$ cat my_file-v5.csv   # CSV, C-alpha atoms
chain,number,residue,atom,x,y,z
T,113,MET,CA,14.9,13.4,-25.6
T,114,ASP,CA,13.2,13.0,-22.2
T,115,ILE,CA,9.9,11.1,-22.1
T,116,LEU,CA,7.2,12.8,-20.1
T,117,THR,CA,5.7,10.1,-18.0
T,118,ALA,CA,2.9,12.1,-16.4
T,119,PRO,CA,2.1,15.1,-18.7
T,120,GLY,CA,-0.2,17.5,-17.1
T,121,ILE,CA,-1.6,15.1,-14.5
T,122,GLY,CA,0.7,15.1,-11.5
T,123,ARG,CA,4.1,14.2,-10.2
T,124,HIS,CA,5.5,10.8,-9.2
T,125,GLY,CA,5.6,10.3,-5.4
T,126,ALA,CA,3.6,13.5,-4.9
T,127,THR,CA,2.8,14.8,-1.4
T,128,ARG,CA,-0.3,16.5,-2.7
T,129,LEU,CA,-2.9,14.2,-4.3
T,130,PRO,CA,-6.5,14.8,-5.5
T,131,SER,CA,-8.0,13.8,-2.1
T,132,VAL,CA,-5.2,13.9,0.5
T,133,GLU,CA,-1.9,15.3,1.6
T,134,VAL,CA,0.7,12.6,2.0
T,135,ASP,CA,2.4,13.7,5.3
T,136,SER,CA,5.0,11.0,5.2
T,137,PHE,CA,5.7,7.6,3.7
T,138,ASN,CA,8.4,4.9,3.9
T,139,ILE,CA,9.8,6.1,7.2
T,140,GLU,CA,12.6,3.8,8.3
T,141,LEU,CA,12.8,4.0,12.1
T,142,LYS,CA,15.8,2.5,13.9
T,143,ASP,CA,16.3,1.4,17.4
T,144,ASP,CA,19.4,2.1,19.6
T,145,ASP,CA,21.3,-0.7,18.0
T,146,GLY,CA,20.7,0.7,14.5
T,147,ASP,CA,18.2,-2.1,13.5
T,148,PHE,CA,15.1,-1.2,11.6
T,149,VAL,CA,12.1,-1.1,14.0
T,150,GLY,CA,9.7,-2.2,11.3
T,151,ASP,CA,11.5,-5.6,11.1
T,152,ARG,CA,9.9,-6.4,14.5
T,153,ALA,CA,6.4,-6.3,13.0
T,154,CYS,CA,6.8,-7.9,9.5
T,155,LYS,CA,5.5,-11.2,8.3
T,156,GLY,CA,8.9,-12.9,8.9
T,157,ALA,CA,8.9,-11.6,12.5
T,158,PHE,CA,5.6,-13.4,13.2
T,159,ARG,CA,7.0,-16.7,11.8
T,160,LYS,CA,10.1,-16.4,13.9
T,161,ILE,CA,8.1,-15.9,17.0
T,162,LEU,CA,6.0,-19.0,16.2
T,163,ASP,CA,9.1,-21.1,15.6
T,164,ASP,CA,10.7,-19.9,18.9
T,165,LEU,CA,7.5,-21.0,20.8
T,166,ARG,CA,7.7,-24.4,19.0
T,167,LYS,CA,11.3,-25.2,20.1
T,168,PRO,CA,10.6,-26.8,23.5
T,169,LEU,CA,7.9,-29.0,21.9
T,170,LYS,CA,10.2,-30.0,19.0
T,171,LYS,CA,12.8,-31.3,21.5
T,172,ASN,CA,10.3,-33.8,22.8
T,173,GLY,CA,8.8,-34.6,19.3
T,174,ASP,CA,5.5,-33.1,20.4
T,175,ASP,CA,5.1,-30.2,18.0
T,176,PRO,CA,1.5,-30.3,16.8
T,177,LEU,CA,2.3,-28.1,13.8
T,178,GLY,CA,4.6,-30.8,12.4
T,179,ASP,CA,8.1,-30.6,11.0
T,180,LYS,CA,7.7,-27.7,8.6
T,181,ALA,CA,9.3,-24.4,9.5
T,182,ALA,CA,6.7,-21.6,10.1
T,183,GLU,CA,7.6,-19.9,6.9
T,184,LYS,CA,6.5,-23.0,5.0
T,185,ILE,CA,3.2,-23.2,6.8
T,186,SER,CA,0.4,-21.6,4.8
T,187,LYS,CA,-1.9,-18.9,6.3
T,188,SER,CA,-4.9,-21.2,5.9
T,189,ALA,CA,-3.1,-24.0,7.8
T,190,LEU,CA,-2.4,-21.6,10.7
T,191,ASP,CA,-6.0,-20.5,10.7
T,192,GLU,CA,-7.1,-24.1,10.8
T,193,ALA,CA,-4.7,-24.7,13.7
T,194,LEU,CA,-6.1,-21.7,15.5
T,195,LEU,CA,-9.7,-22.8,15.2
T,196,GLY,CA,-9.2,-26.6,15.3
T,197,ASP,CA,-9.6,-29.3,18.0
T,198,ASP,CA,-5.9,-29.6,18.8
T,199,ILE,CA,-5.7,-27.3,21.8
T,200,THR,CA,-1.9,-27.3,21.9
T,201,ALA,CA,-1.7,-26.2,18.3
T,202,ALA,CA,-4.3,-23.5,19.0
T,203,ALA,CA,-2.3,-22.4,22.1
T,204,LEU,CA,0.9,-22.1,20.0
T,205,VAL,CA,-0.7,-19.9,17.4
T,206,HIS,CA,-2.5,-17.8,20.1
T,207,GLY,CA,0.8,-17.3,21.8
T,208,ALA,CA,2.5,-16.1,18.6
T,209,ILE,CA,-0.4,-13.7,18.0
T,210,GLU,CA,0.0,-12.2,21.5
T,211,GLU,CA,3.7,-11.8,21.2
T,212,PHE,CA,3.5,-10.3,17.7
T,213,ALA,CA,0.7,-7.9,18.8
T,214,ASN,CA,3.0,-6.6,21.5
T,215,GLU,CA,5.7,-6.0,18.9
T,216,LEU,CA,3.2,-4.3,16.5
T,217,ALA,CA,1.9,-2.2,19.3
T,218,TYR,CA,5.5,-1.1,20.1
T,219,VAL,CA,6.3,-0.2,16.5
T,220,THR,CA,2.9,1.6,16.0
T,221,ALA,CA,3.5,3.6,19.2
T,222,ARG,CA,6.9,4.7,17.8
T,223,PHE,CA,5.2,6.0,14.7
T,224,LEU,CA,2.5,7.7,16.7
T,225,LYS,CA,5.1,9.6,18.6
T,226,LEU,CA,6.6,11.1,15.4
T,227,LYS,CA,5.8,14.7,14.5
T,228,ALA,CA,4.6,13.6,11.1
T,229,TRP,CA,2.1,11.2,12.7
T,230,ALA,CA,0.8,13.6,15.3
T,231,ASP,CA,-3.0,13.5,15.9
T,232,THR,CA,-3.5,10.3,13.9
T,233,GLU,CA,-7.1,9.1,14.5
T,234,CYS,CA,-7.1,5.8,12.6
T,235,ILE,CA,-4.6,3.4,11.1
T,236,VAL,CA,-5.6,0.8,8.5
T,237,VAL,CA,-3.5,-2.3,8.4
T,238,GLY,CA,-2.9,-4.0,5.0
T,239,GLY,CA,-0.4,-6.3,3.4
T,240,GLY,CA,-0.5,-10.1,3.1
T,241,PHE,CA,-0.4,-10.8,6.8
T,242,ARG,CA,-3.8,-9.1,7.3
T,243,HIS,CA,-5.4,-11.6,4.8
T,244,SER,CA,-6.0,-14.3,7.5
T,245,ARG,CA,-7.8,-14.9,10.7
T,246,VAL,CA,-4.5,-14.9,12.5
T,247,GLY,CA,-3.7,-11.5,11.1
T,248,GLU,CA,-7.1,-10.1,11.9
T,249,LEU,CA,-6.7,-11.2,15.6
T,250,ALA,CA,-3.2,-9.8,15.8
T,251,ILE,CA,-4.5,-6.4,14.5
T,252,ALA,CA,-7.5,-6.5,17.0
T,253,ARG,CA,-5.2,-7.4,19.9
T,254,THR,CA,-2.8,-4.6,18.9
T,255,ASP,CA,-5.7,-2.1,18.9
T,256,VAL,CA,-6.6,-3.2,22.5
T,257,LEU,CA,-2.9,-2.8,23.6
T,258,LEU,CA,-2.6,0.7,22.1
T,259,LYS,CA,-5.8,1.8,23.8
T,260,ALA,CA,-4.5,0.4,27.1
T,261,GLN,CA,-1.5,2.7,26.6
T,262,GLU,CA,-4.0,5.6,26.2
T,263,PHE,CA,-3.4,6.2,22.5
T,264,LYS,CA,-6.5,7.7,21.0
T,265,VAL,CA,-6.4,5.8,17.7
T,266,ASP,CA,-8.3,2.9,16.0
T,267,LEU,CA,-6.3,0.1,14.4
T,268,VAL,CA,-8.4,-1.7,11.8
T,269,PRO,CA,-7.9,-4.2,8.9
T,270,ILE,CA,-7.9,-2.6,5.5
T,271,ARG,CA,-11.3,-2.9,3.9
T,272,PHE,CA,-10.4,-4.3,0.5
T,273,ASP,CA,-8.7,-7.6,-0.2
T,274,PRO,CA,-5.0,-6.9,0.4
T,275,ASP,CA,-4.2,-8.4,-3.0
T,276,GLU,CA,-6.4,-5.7,-4.6
T,277,ALA,CA,-6.1,-2.7,-2.3
T,278,GLY,CA,-2.9,-1.5,-4.0
T,279,LEU,CA,-4.5,-1.7,-7.4
T,280,ILE,CA,-7.6,0.1,-6.3
T,281,GLY,CA,-5.5,2.8,-4.5
T,282,CYS,CA,-3.9,3.6,-7.9
T,283,VAL,CA,-7.2,5.0,-9.0
T,284,HIS,CA,-6.8,7.8,-6.4
T,285,LEU,CA,-3.5,8.9,-8.0
T,286,ALA,CA,-5.3,10.2,-11.1
T,287,PRO,CA,-7.1,13.5,-11.4
T,288,SER,CA,-10.9,13.2,-11.5
T,289,TRP,CA,-11.2,14.6,-15.1
T,290,ILE,CA,-9.5,11.5,-16.4
T,291,PHE,CA,-12.5,9.4,-15.5
T,292,GLU,CA,-15.1,11.5,-17.4
T,293,GLY,CA,-14.5,9.7,-20.7
T,294,SER,CA,-13.5,6.3,-19.4
T,295,ASP,CA,-14.6,3.6,-16.9
T,296,SER,CA,-11.4,1.8,-16.1
T,297,ILE,CA,-7.6,2.2,-15.7
T,298,LEU,CA,-4.6,-0.1,-15.6
T,299,ALA,CA,-2.7,-0.5,-12.4
T,300,ILE,CA,0.4,-2.3,-11.2
T,301,ASP,CA,1.2,-3.4,-7.6
T,302,ILE,CA,4.9,-4.3,-7.3
T,303,GLY,CA,6.1,-6.2,-4.2
T,304,GLY,CA,9.2,-8.0,-3.0
T,305,THR,CA,7.7,-11.4,-4.0
T,306,ASN,CA,4.9,-10.7,-6.5
T,307,ILE,CA,4.0,-8.3,-9.2
T,308,ARG,CA,0.3,-7.9,-9.9
T,309,CYS,CA,-1.2,-6.1,-12.8
T,310,GLY,CA,-4.9,-5.2,-12.8
T,311,LEU,CA,-7.8,-3.8,-14.8
T,312,VAL,CA,-9.6,-1.5,-12.3
T,313,GLU,CA,-13.1,-0.5,-13.0
T,314,THR,CA,-13.7,2.9,-11.5
T,315,ARG,CA,-17.5,3.0,-11.4
T,316,TRP,CA,-17.1,6.7,-11.2
T,317,LYS,CA,-20.6,7.5,-12.4
T,318,LYS,CA,-22.2,5.4,-9.6
T,319,ALA,CA,-19.9,6.7,-6.9
T,320,PRO,CA,-17.8,9.9,-7.7
T,321,ASP,CA,-15.8,9.3,-4.5
T,322,LEU,CA,-14.5,6.0,-6.1
T,323,SER,CA,-15.9,4.0,-3.2
T,324,LYS,CA,-17.2,1.4,-5.6
T,325,ALA,CA,-14.0,0.9,-7.6
T,326,CYS,CA,-13.2,-2.7,-8.1
T,327,VAL,CA,-10.6,-5.0,-9.8
T,328,ARG,CA,-12.3,-6.3,-12.9
T,329,ARG,CA,-9.4,-8.7,-13.7
T,330,SER,CA,-5.8,-9.1,-12.5
T,331,GLU,CA,-2.8,-11.2,-13.3
T,332,LEU,CA,-0.2,-12.3,-10.7
T,333,TRP,CA,3.4,-13.2,-11.3
T,334,ARG,CA,5.5,-14.5,-8.5
T,335,HIS,CA,8.9,-13.1,-9.6
T,336,ALA,CA,10.7,-14.3,-6.6
T,337,ASP,CA,10.4,-17.9,-7.9
T,338,ASP,CA,11.8,-17.0,-11.4
T,339,GLU,CA,14.6,-14.6,-10.3
T,340,PRO,CA,14.4,-12.6,-13.5
T,341,THR,CA,16.7,-9.7,-14.5
T,342,ARG,CA,15.3,-6.2,-14.2
T,343,GLU,CA,14.7,-6.0,-18.0
T,344,GLY,CA,13.0,-9.4,-17.8
T,345,ALA,CA,10.7,-8.1,-15.1
T,346,ILE,CA,9.7,-5.1,-17.3
T,347,LYS,CA,9.0,-7.3,-20.3
T,348,ARG,CA,6.7,-9.5,-18.2
T,349,MET,CA,4.9,-6.5,-16.8
T,350,VAL,CA,4.4,-5.1,-20.4
T,351,LYS,CA,3.0,-8.5,-21.5
T,352,MET,CA,0.5,-8.6,-18.6
T,353,LEU,CA,-0.6,-5.0,-19.4
T,354,ARG,CA,-1.1,-5.7,-23.0
T,355,GLY,CA,-3.2,-8.7,-22.2
T,356,LEU,CA,-5.4,-6.5,-19.9
T,357,ILE,CA,-5.7,-3.9,-22.7
T,358,ALA,CA,-7.0,-6.6,-25.0
T,359,GLU,CA,-9.3,-7.8,-22.3
T,360,ALA,CA,-10.8,-4.3,-21.9
T,361,GLU,CA,-11.4,-4.0,-25.6
T,362,THR,CA,-13.1,-7.4,-25.7
T,363,GLU,CA,-15.4,-6.5,-22.8
T,364,GLY,CA,-16.2,-3.1,-24.3
T,365,LEU,CA,-14.6,-1.1,-21.4
T,366,LYS,CA,-13.5,2.5,-22.0
T,367,LEU,CA,-9.9,2.3,-20.8
T,368,ALA,CA,-8.3,5.6,-19.7
T,369,PRO,CA,-4.8,6.3,-21.2
T,370,PHE,CA,-3.4,6.0,-17.7
T,371,ILE,CA,-1.3,3.5,-15.7
T,372,GLY,CA,-1.0,3.8,-11.9
T,373,ILE,CA,2.0,2.1,-10.3
T,374,ALA,CA,2.4,1.1,-6.6
T,375,CYS,CA,6.1,0.4,-6.0
T,376,PRO,CA,8.3,-0.1,-2.9
T,377,GLY,CA,10.7,2.6,-1.9
T,378,VAL,CA,11.0,6.4,-1.9
T,379,ILE,CA,9.7,7.6,-5.2
T,380,ASN,CA,11.4,10.7,-6.8
T,381,GLU,CA,9.4,13.3,-8.7
T,382,ASP,CA,11.0,12.2,-12.0
T,383,GLY,CA,9.9,8.5,-11.5
T,384,SER,CA,13.3,7.2,-10.3
T,385,ILE,CA,13.6,5.4,-7.0
T,386,ALA,CA,15.8,6.9,-4.3
T,387,LYS,CA,15.9,3.9,-2.0
T,388,GLY,CA,13.9,1.0,-0.6
T,389,ALA,CA,13.7,-1.2,-3.8
T,390,GLN,CA,16.3,-3.7,-2.7
T,391,ASN,CA,13.9,-6.7,-2.8
T,392,LEU,CA,13.0,-6.2,-6.4
T,393,PRO,CA,14.8,-8.1,-9.3
T,394,GLY,CA,17.9,-6.2,-10.4
T,395,ASN,CA,18.9,-2.6,-9.6
T,396,TRP,CA,15.8,-0.4,-9.5
T,397,GLU,CA,17.6,2.4,-7.8
T,398,SER,CA,20.0,3.1,-10.6
T,399,SER,CA,19.9,6.7,-11.9
T,400,LYS,CA,19.8,5.3,-15.4
T,401,PHE,CA,16.6,3.3,-14.7
T,402,ASN,CA,13.1,4.9,-14.9
T,403,LEU,CA,10.1,2.5,-14.7
T,404,PRO,CA,7.4,4.9,-15.9
T,405,ALA,CA,9.5,5.9,-18.9
T,406,SER,CA,10.2,2.3,-19.7
T,407,LEU,CA,6.4,1.5,-19.7
T,408,ILE,CA,5.6,4.5,-21.9
T,409,GLU,CA,8.2,3.5,-24.4
T,410,ALA,CA,6.7,0.0,-24.5
T,411,ILE,CA,3.0,1.1,-24.5
T,412,PRO,CA,3.0,4.7,-26.0
T,413,GLU,CA,-0.7,4.7,-26.6
T,414,ILE,CA,-3.8,3.4,-24.9
T,415,ALA,CA,-7.2,3.7,-26.7
T,416,GLY,CA,-5.7,6.0,-29.3
T,417,HIS,CA,-4.3,8.5,-26.7
T,418,ASP,CA,-0.9,9.2,-25.3
T,419,THR,CA,-0.2,7.0,-22.3
T,420,ALA,CA,0.4,8.8,-18.9
T,421,VAL,CA,1.9,7.0,-15.9
T,422,LEU,CA,2.0,8.0,-12.3
T,423,MET,CA,3.9,6.0,-9.7
T,424,HIS,CA,3.8,6.2,-5.9
T,425,ASN,CA,5.0,4.1,-2.9
T,426,ASP,CA,3.1,0.8,-2.5
T,427,GLY,CA,2.2,1.6,1.1
T,428,VAL,CA,0.7,4.9,0.0
T,429,ALA,CA,-1.3,3.2,-2.8
T,430,GLN,CA,-2.8,0.6,-0.4
T,431,GLY,CA,-3.7,3.4,2.0
T,432,LEU,CA,-5.4,5.4,-0.8
T,433,SER,CA,-7.9,2.6,-1.3
T,434,GLU,CA,-9.4,3.7,2.0
T,435,VAL,CA,-9.8,7.4,1.1
T,436,PRO,CA,-13.6,7.3,0.5
T,437,PHE,CA,-14.2,5.7,3.9
T,438,MET,CA,-12.0,8.1,5.9
T,439,GLN,CA,-13.9,11.3,5.2
T,440,ASP,CA,-15.2,11.8,8.7
T,441,ILE,CA,-11.7,12.3,10.1
T,442,ASP,CA,-8.7,14.5,9.4
T,443,HIS,CA,-5.6,12.5,9.9
T,444,TRP,CA,-5.1,8.8,9.3
T,445,GLY,CA,-2.3,6.3,8.4
T,446,VAL,CA,-1.6,2.9,7.0
T,447,LEU,CA,0.8,0.1,7.9
T,448,THR,CA,1.3,-2.8,5.5
T,449,ILE,CA,2.6,-6.0,7.0
T,450,GLY,CA,4.4,-8.1,4.3
T,451,THR,CA,8.0,-8.8,3.5
T,452,GLY,CA,8.7,-5.5,5.3
T,453,LEU,CA,6.5,-3.0,7.1
T,454,GLY,CA,5.2,-0.3,4.8
T,455,ASN,CA,3.9,3.0,6.2
T,456,ALA,CA,2.2,6.2,5.2
T,457,ARG,CA,0.3,9.0,7.0
T,458,PHE,CA,-2.4,11.1,5.3
T,459,THR,CA,-4.3,14.3,6.0
T,460,ASN,CA,-7.7,14.6,4.2
T,461,ARG,CA,-8.1,17.5,1.9
T,462,HIS,CA,-11.8,18.2,2.6
T,463,LYS,CA,-13.6,20.5,0.1
T,464,ASP,CA,-14.1,23.0,3.0
T,465,ASN,CA,-10.4,23.0,3.6
T,466,ASP,CA,-9.7,23.6,-0.1
T,467,LYS,CA,-12.2,26.4,-0.2
T,468,ARG,CA,-10.7,28.0,2.9
T,469,GLU,CA,-7.2,27.7,1.4
T,470,LYS,CA,-8.4,29.5,-1.7
T,471,GLU,CA,-10.0,32.2,0.4
T,472,ASP,CA,-6.8,32.6,2.4
T,473,ASN,CA,-4.7,32.9,-0.8
T,474,ASP,CA,-7.2,35.4,-2.3
T,475,GLU,CA,-6.9,37.5,0.9
T,476,LYS,CA,-3.1,37.4,0.7
T,477,LYS,CA,-3.2,38.6,-3.0
T,478,ASP,CA,-5.6,41.4,-2.1
T,479,LYS,CA,-3.3,42.5,0.8
T,480,LYS,CA,-0.2,42.5,-1.5
T,481,LYS,CA,-2.1,44.7,-4.0
T,482,LYS,CA,-3.1,47.2,-1.3
T,483,ASP,CA,0.5,47.3,0.1
$ encode --input "my_file-v5.csv" --output "structure tokens"
Amino acid sequence: MDILTAPGIGRHGATRLPSVEVDSFNIELKDDDGDFVGDRACKGAFRKILDDLRKPLKKNGDDPLGDKAAEKISKSALDEALLGDDITAAALVHGAIEEFANELAYVTARFLKLKAWADTECIVVGGGFRHSRVGELAIARTDVLLKAQEFKVDLVPIRFDPDEAGLIGCVHLAPSWIFEGSDSILAIDIGGTNIRCGLVETRWKKAPDLSKACVRRSELWRHADDEPTREGAIKRMVKMLRGLIAEAETEGLKLAPFIGIACPGVINEDGSIAKGAQNLPGNWESSKFNLPASLIEAIPEIAGHDTAVLMHNDGVAQGLSEVPFMQDIDHWGVLTIGTGLGNARFTNRHKDNDKREKEDNDEKKDKKKKD
């Protein structure tokens, strides 16, 4: 018997969501050599650029950043080098920011030239790289470079903490009626290195547009260090979720029977993953594996009601956290700089547009009746 993972509330990986149309996500652009363009603007690419700039200094034993490879240097240490008294160290980091910004500008321009990204007015940049002064400067410099190329687009850092944006974005996967009898939901943000589970307070009554939604509590597991099996990863997720359910009960929160999942890759309507989950533990792209169904089997009820699960791409989920703040434009996108480069493009479904669409459909029905 098939388990319904999202009864009556939507489809996994849907293109039509409560507030937006998802025009595209997880596009894998390639260059003439067949290499993925996004690899030029991921976290690893920045670290490689920095190490390349350090090579001449290393030969002379004059590297101000020390002996560690760039991937072993923390974001906070790079921020300190950027702002510190050692001018050579600051120059190295500034140089890496400039080169990386040029790469990010090239990659972003490739997206903007796609039909699915036409007329994009704003792009928010999320992912772990954004969570540093170095990342913020790289984003700002890229914005300047794109404007110099006469692209009419604003490139801005994502508003919420990148560690929480994906969890908050999961709130926007759910239909509004689900919030009427509750004040919080469970959310999961799955990445190539970490899995984060969170208790997200919707604050729906204070702000129906969900602009005040926040992560009440979260738990992080760095699965890359443990190298678990796929089944082991599911068990750990379930344990974290059950802990958050108990926390909600203790704090008197009214938890909705809903779990939102942000997951890498192309998400099929049935909750399976078509491709793009290669960095996750085990084979998540198997036709015999279904994460939403596995979670419902482990947690069939929440607060006395049948559990419903909706899953979407992690880049989409991060972008959705910006929905309340993008209402003055029509088309916008998100790029997430982490282990890889996530991407998604959205068109806002303004209430006026929905009303107009309904009127158009009514006119078509009337015309058919007359004919």
$ residues_around --input "my_file-v5.csv" --residues "T:Ile139" --least-positions-apart "2" --cutoff "7 Å" --atoms "all atoms listed in the file" --output "compact mmCIF listing (two decimals) with C-alpha atoms, keeping the file's coordinate frame"
# COMPACT_ATOMS: atom_id res chain seq x y z
CA PHE T 137 5.70 7.60 3.70
CA LEU T 141 12.80 4.00 12.10
CA ASN T 455 3.90 3.00 6.20
$ closest_residue --input "my_file-v5.csv" --among "T:Phe437, T:Ala405, T:Asp301, T:Val205" --to "T:Gly278" --atoms "all atoms listed in the file"
T:Asp301
$ axis_aligned_box --input "my_file-v5.csv" --around "stretch 449-464 of chain T" --padding-each-side "5 Å" --output "lines of an AutoDock Vina configuration file"
center_x = -2.7
center_y = 7.1
center_z = 3.6
size_x = 32.8
size_y = 41.8
size_z = 17.0
$ residues_around --input "my_file-v5.csv" --residues "stretch 388-403 of chain T" --least-positions-apart "5" --cutoff "6 Å" --atoms "all atoms listed in the file" --output "list in words"
Gly304, Thr341, Arg342, Pro376, Gly377 and Gly383 of chain T
$ residues_around --input "my_file-v5.csv" --residues "T:Asp275" --least-positions-apart "6" --cutoff "12 Å" --atoms "only C-alpha atoms" --output "PyMOL selection string"
chain T and resi 238-243+281+300-303+306-310+326-327+329-332+426+429-430+433+448+450
$ closest_residue --input "my_file-v5.csv" --among "T:Ala230, T:Ala203, T:Ala286, T:Val378" --to "T:Arg457" --atoms "only C-alpha atoms"
T:Ala230
$ atom_distance --input "my_file-v5.csv" --atom1 "atom CA of T:Lys259" --atom2 "atom CA of T:Gly207"
20.3 Å
$ closest_residue --input "my_file-v5.csv" --among "T:Gln439, T:Lys324, T:Arg123, T:Lys167" --to "T:Val421" --atoms "all atoms listed in the file"
T:Arg123
$ residues_near_point --input "my_file-v5.csv" --point "(-1.5, -25.8, 11.9)" --cutoff "9 Å" --atoms "all atoms listed in the file" --output "PyMOL selection string"
chain T and resi 176-178+185-194+196+201-202+205
$ write_last_selection --input "my_file-v5.csv" --atoms "C-alpha atoms" --output "PDB file, in the frame of the given file"
ATOM      1  CA  PRO T 176       1.500 -30.300  16.800  1.00  0.00           C
ATOM      2  CA  LEU T 177       2.300 -28.100  13.800  1.00  0.00           C
ATOM      3  CA  GLY T 178       4.600 -30.800  12.400  1.00  0.00           C
ATOM      4  CA  ILE T 185       3.200 -23.200   6.800  1.00  0.00           C
ATOM      5  CA  SER T 186       0.400 -21.600   4.800  1.00  0.00           C
ATOM      6  CA  LYS T 187      -1.900 -18.900   6.300  1.00  0.00           C
ATOM      7  CA  SER T 188      -4.900 -21.200   5.900  1.00  0.00           C
ATOM      8  CA  ALA T 189      -3.100 -24.000   7.800  1.00  0.00           C
ATOM      9  CA  LEU T 190      -2.400 -21.600  10.700  1.00  0.00           C
ATOM     10  CA  ASP T 191      -6.000 -20.500  10.700  1.00  0.00           C
ATOM     11  CA  GLU T 192      -7.100 -24.100  10.800  1.00  0.00           C
ATOM     12  CA  ALA T 193      -4.700 -24.700  13.700  1.00  0.00           C
ATOM     13  CA  LEU T 194      -6.100 -21.700  15.500  1.00  0.00           C
ATOM     14  CA  GLY T 196      -9.200 -26.600  15.300  1.00  0.00           C
ATOM     15  CA  ALA T 201      -1.700 -26.200  18.300  1.00  0.00           C
ATOM     16  CA  ALA T 202      -4.300 -23.500  19.000  1.00  0.00           C
ATOM     17  CA  VAL T 205      -0.700 -19.900  17.400  1.00  0.00           C
TER      18      VAL T 205
END
$ atom_distance --input "my_file-v5.csv" --atom1 "atom CA of T:Asn214" --atom2 "atom CA of T:Ile161"
11.5 Å
$ atom_distance --input "my_file-v5.csv" --atom1 "atom CA of T:Asp143" --atom2 "atom CA of T:Cys375"
25.5 Å
$ closest_residue --input "my_file-v5.csv" --among "T:Met423, T:Val265, T:Ala153, T:Leu169" --to "T:Ile385" --atoms "all atoms listed in the file"
T:Met423
$ closest_residue --input "my_file-v5.csv" --among "T:Leu224, T:Val246, T:Ile209, T:Leu432" --to "T:Leu322" --atoms "all atoms listed in the file"
T:Leu432
$ closest_residue --input "my_file-v5.csv" --among "T:Gly416, T:Ala221, T:Ser406, T:Ser244" --to "T:Gln261" --atoms "all atoms listed in the file"
T:Ala221
$ residues_near_point --input "my_file-v5.csv" --point "(-6.3, 1.5, 9.7)" --cutoff "6 Å" --atoms "all atoms listed in the file" --output "JSON, numbers by chain"
{"T": [234, 235, 236, 237, 267, 268, 269, 446]}
$ write_last_selection --input "my_file-v5.csv" --atoms "C-alpha atoms" --output "mmCIF file, keeping the file's coordinate frame"
data_model
loop_
_atom_site.group_PDB
_atom_site.id
_atom_site.type_symbol
_atom_site.label_atom_id
_atom_site.label_comp_id
_atom_site.auth_asym_id
_atom_site.auth_seq_id
_atom_site.Cartn_x
_atom_site.Cartn_y
_atom_site.Cartn_z
ATOM 1 C CA CYS T 234 -7.100 5.800 12.600
ATOM 2 C CA ILE T 235 -4.600 3.400 11.100
ATOM 3 C CA VAL T 236 -5.600 0.800 8.500
ATOM 4 C CA VAL T 237 -3.500 -2.300 8.400
ATOM 5 C CA LEU T 267 -6.300 0.100 14.400
ATOM 6 C CA VAL T 268 -8.400 -1.700 11.800
ATOM 7 C CA PRO T 269 -7.900 -4.200 8.900
ATOM 8 C CA VAL T 446 -1.600 2.900 7.000
#
$ residues_around --input "my_file-v5.csv" --residues "T:Thr459" --least-positions-apart "3" --cutoff "6 Å" --atoms "all atoms listed in the file" --output "count of residues only"
4
$ residues_around --input "my_file-v5.csv" --residues "T:Ile357" --least-positions-apart "3" --cutoff "8 Å" --atoms "only C-alpha atoms" --output "list in words"
Leu353, Arg354, Ala360, Glu361, Leu367 and Ile414 of chain T
